[in-house]
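Peer 1: Let me begin by handing over the structure; questions about it come next.
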Amino acid sequence: MNRRHSIKRSLFLISILVIISLVVGNLFSYISYRKFNSISKKVNERVYEIKDMVKTNSNIDIALSNFALSKDTSYMDVIFNNYQDLKSLIKEYQNEVYDRKSCLYLENIEYILDNEYYNLLESTIWSIRGVNEDMIQTNYYEFKKLSQYVNIYFDLLFEKELEYSRKITLDIDKIAAQINLRIIVLLFISLFFIFFIGISYGRRLLANLKKLTDVAEEVSGGNFNVEKIELNSDDETALLAEAFNKLIENTKLLIIKIKENADFEVMLHREESEKAKVEVLLNQAKLKGLQAQINPHFLFNTLNVIAKTAILEDADDTCLLIESVSDMLRYNLKNIDTVITINEEIINLQNYILIQKARFGERVKFEIDIENEVLNFKIPFLTLQPIVENAFMHGVEDLEEGGIIKVYSLNIEHKKYLVVEDNGNGMDEDTINSLLTDNTITSHSTGIGISNVKRRLEFFYNSTDTIFIESQIGVGTKVLVKLKENLGVRNV
Amino acid sequence: MKNNNYIGIVIGFLIISFFLFNSFQLINGNYNDYEKDFSKSYILIKRESNNYLWNNIEKGIVDNCETNNIAIQILNSDNTGLLSQKELFAMAVAGKSNGIIISGYNSNEMEELLNKAEDKEIPIVFINNDGTSELRDTFIGPNNYQIGQKSIQEIYKKSNEVMNILVIDEYDSENRNLLIDGMISEINNEKNINLTEIVSMNTRFNFENNLRKELDLHPEINVIIGTGIYDGVNIAKAIVSMNKVGEVYIIAYDNSDATMEYINKGIITATLFTDGYLVGEEAVNTLNSINEDNISLEVFYVPTTILNKYNLKTYLDGDINE
């Protein structure tokens, strides 16, 4: 990914800024040096030019003097050539004049050379050629004076040049000092900005890295509920943050999935455990059944013989009783994991009641009142009998008279309940809890306790709210079995 | 943060650009102070190069020329290989100018050079000293005769006692002659004032001894007047040294700091002078008038300032010009 503000690019930019600052500073210094050097050179050249002019003027004087002495006309050429040279030198110099006074001195020199100087030069030459000694002397004296004035103007010019040179040196020193200061200031400003950019960038980078490390620490501590990292940058740290955010997000999703799987496994495990428990209960019941199945044919045959004997002896009640016992035993020998209708349970219950009536006589009354609709509801095998037996054992068994056990159906908030109610001694909370949880408390007739019934109902309905016991000491006990339609029930 | 960086970079760039631009301007600055478009060019021939009066004159001339964009060349014996006034004048006349300012003197050469200047239509203004020549255009300077008169008036204002005056006059010059003439004319009008003696004396070398001798010879002298520019201060020094302060009145003709100090102490009685700056300024004005309107006054006397102990402070505060 090409990032606009990558760290590499930023460092490169800062390096370029440093290099540019140094290059500009040095370039600046070099340009100043070149400029000042050229000015100094010009000043020096002008000083030499003045010397040349003075020398040329002296050459004219010397040539004129020699001409006066020798009368050699070749000196005339020397004189006029030097004169022309002097004029040319002045013209050249004039182009470089920088100062008002220098200009005036030059103008004066030029004016004198063009007028009086030239006239006197000519007059002197003519007087030399005419061999007029008086005139030679007068003109030459005048010319010498004028030549001296010209030299004085050159001296003034020279002095001015020196003055200018001194001034320019001071100016250059001053400007050079200013320029040096500027270069230093420029470098400092550049360094300041580079420092500012560097610090600012570094701080941002460190802040971003701190955010990342903070979040990394949180995550490494197991806290994945961290805020998404938002970085105010466009460099590699932003890339890192994006990757980190994605990593956290993916890890979170993974954790949720693992959690879900774990929950599911726990649930499965629990279900299996429940199933195993039910199986244990069933096995217990089966064992009881098997224990009771000791040669059942022999028992039933014996009971039939007894029943027939009873008929022969006109003991009908005994016959009925034996038949009821036989039917109940046959019923109880059914497979424990069988699902049956409430109607079948009631029929079996009636056998049981008949036997109990033979035992308790008028001390206990039984009332059964089940809605027809409820009779078809399916429940696990041997659900009612253990509950009713419990009503005998913990309820009405000790009553001298007036014991009533009611078995009826009930509607509470559109839910169907099968109720076994007695008016016996009632139970305290501990006894109720023991009944519901303790496997060892079993009925005499079936060997199955209420806790067993409860577990099987829970598994059967796949629900925990199956049996409720309401009891009051001295008043009685009411056991409610919550019924469900036959939908969604599981085979026990 | 990112925006701050951009603002910083832009500001930095602007500052650096400004510095660069400004510094390049500085490097490429104009090192020449030459201006070709001056309107005229004058020559000042200074009589004395290291004299505060002539320095003031020069300053008046230079300032006025600067104001009017006039070029001025200053020639004096120091910067011309000790040429004389006459030679300097000849050199100036030989050159090119629109006017020459010089202290006047009398000589045949001066007449010739004045003629030559006239031929070349170069106006000549005499300053400070006037000559007898009528060829110069204008004289600008003090009215020495009047100053002489006023000097005596300053003395008799002081006391009614008899005043016996010693005049010290080193050089014989037109100016000093006029000054003394003015004094004499005033002395002649007063009964109690006598001119005891006019002596030629150098006040700079062995002056105290010479003055002592003079005072021993004329013990009645109670007024000493030195006509030279430094004479007032030198007389005052000698009087202090001779312990005669309060016994002698001293008149000076300059406005140097030392003179002011002695006036303040009551050692010098009074000083009479013309402001050199005004002389210089007026010289340039006069040359301008001649060049531009061909008009000139023959003589322009610059007002005289008289200072004594009573008006010195006011003068120093800048409230007195005349």
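Chain labels follow the order of the structure tokens: the first chain is A, the next B, and so on; residue numbering restarts at 1 in every chain, and ligands are counted from 1 in their shown order.
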What's the 9 Å shell around stretch 125-134 of chain B, counting only C-alpha atoms, without same-chain residues fewer than 2 positions away, as an MDAnalysis selection string?
Peer 2: chainID B and resid 57 99:107 110:111 114 123 136:142 173:175 276 279:280 283:284 286:287 298
Peer 1: Show me, as a ChimeraX atom specification, the residues of chain A whose atoms get within 8 Å of chain B, using only C-alpha atoms for the distance check.
Peer 2: /A:32,35,97-101,103-104,107-109,111-112,116,146,149,152,155-156,168,175,179,182,186,189-190,193,197,200,233
Peer 1: Convert the current residue selection to file output with C-alpha atoms, as a PDB file, in the first residue's frame.
Peer 2:
```pdb
ATOM      1  CA  SER A  32      28.143  36.929  -1.135  1.00  0.00           C
ATOM      2  CA  LYS A  35      29.951  39.585  -5.095  1.00  0.00           C
ATOM      3  CA  VAL A  97      32.663  56.363 -11.687  1.00  0.00           C
ATOM      4  CA  TYR A  98      30.617  55.724  -8.579  1.00  0.00           C
ATOM      5  CA  ASP A  99      30.846  58.938  -6.655  1.00  0.00           C
ATOM      6  CA  ARG A 100      29.746  62.517  -7.219  1.00  0.00           C
ATOM      7  CA  LYS A 101      33.023  64.090  -6.209  1.00  0.00           C
ATOM      8  CA  CYS A 103      32.888  62.568 -11.224  1.00  0.00           C
ATOM      9  CA  LEU A 104      33.508  66.256 -10.612  1.00  0.00           C
ATOM     10  CA  GLU A 107      35.088  66.434 -15.302  1.00  0.00           C
ATOM     11  CA  ASN A 108      37.545  69.062 -14.162  1.00  0.00           C
ATOM     12  CA  ILE A 109      40.478  67.035 -15.492  1.00  0.00           C
ATOM     13  CA  TYR A 111      37.752  70.080 -19.035  1.00  0.00           C
ATOM     14  CA  ILE A 112      41.314  71.231 -18.321  1.00  0.00           C
ATOM     15  CA  GLU A 116      43.716  75.110 -21.317  1.00  0.00           C
ATOM     16  CA  LEU A 146      48.380  73.040 -15.253  1.00  0.00           C
ATOM     17  CA  TYR A 149      46.756  70.829 -11.161  1.00  0.00           C
ATOM     18  CA  ILE A 152      46.348  67.199  -7.971  1.00  0.00           C
ATOM     19  CA  ASP A 155      45.447  62.839  -6.306  1.00  0.00           C
ATOM     20  CA  LEU A 156      42.032  63.963  -5.130  1.00  0.00           C
ATOM     21  CA  ILE A 168      33.208  49.871   0.663  1.00  0.00           C
ATOM     22  CA  ILE A 175      26.884  43.554   4.943  1.00  0.00           C
ATOM     23  CA  ILE A 179      24.596  38.167   5.721  1.00  0.00           C
ATOM     24  CA  ARG A 182      21.079  35.964   8.156  1.00  0.00           C
ATOM     25  CA  LEU A 186      18.165  31.057   8.251  1.00  0.00           C
ATOM     26  CA  ILE A 189      14.902  28.845  11.412  1.00  0.00           C
ATOM     27  CA  SER A 190      15.357  25.824   9.168  1.00  0.00           C
ATOM     28  CA  PHE A 193      11.211  23.977  11.593  1.00  0.00           C
ATOM     29  CA  ILE A 197       8.335  18.882  12.271  1.00  0.00           C
ATOM     30  CA  SER A 200       5.637  16.903  16.051  1.00  0.00           C
ATOM     31  CA  SER A 233      -2.186   9.533  10.803  1.00  0.00           C
TER      32      SER A 233
END
```
Peer 1: Going by DSSP on the backbone, which bits of stretch 110-284 of chain B are helix (DSSP H, G or I)? Write them as a PyMOL selection string, please.
Peer 2: chain B and resi 110-119+144-156+174-187+207-217+231-241+257-265+276-284
Peer 1: For a quick check of understanding, using only C-alpha atoms, which of A:Ile256, A:Leu191, A:Ala177, A:Leu157 has the smallest distance to A:Ile90?
Peer 2: A:Leu157
Peer 1: Between atom CA of A:Asn304 and atom CA of A:Ser326, what is the distance, to one decimal in Å?
Peer 2: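 Computing the Euclidean distance for atom CA of A:Asn304 and atom CA of A:Ser326 yields 8.2 Å.
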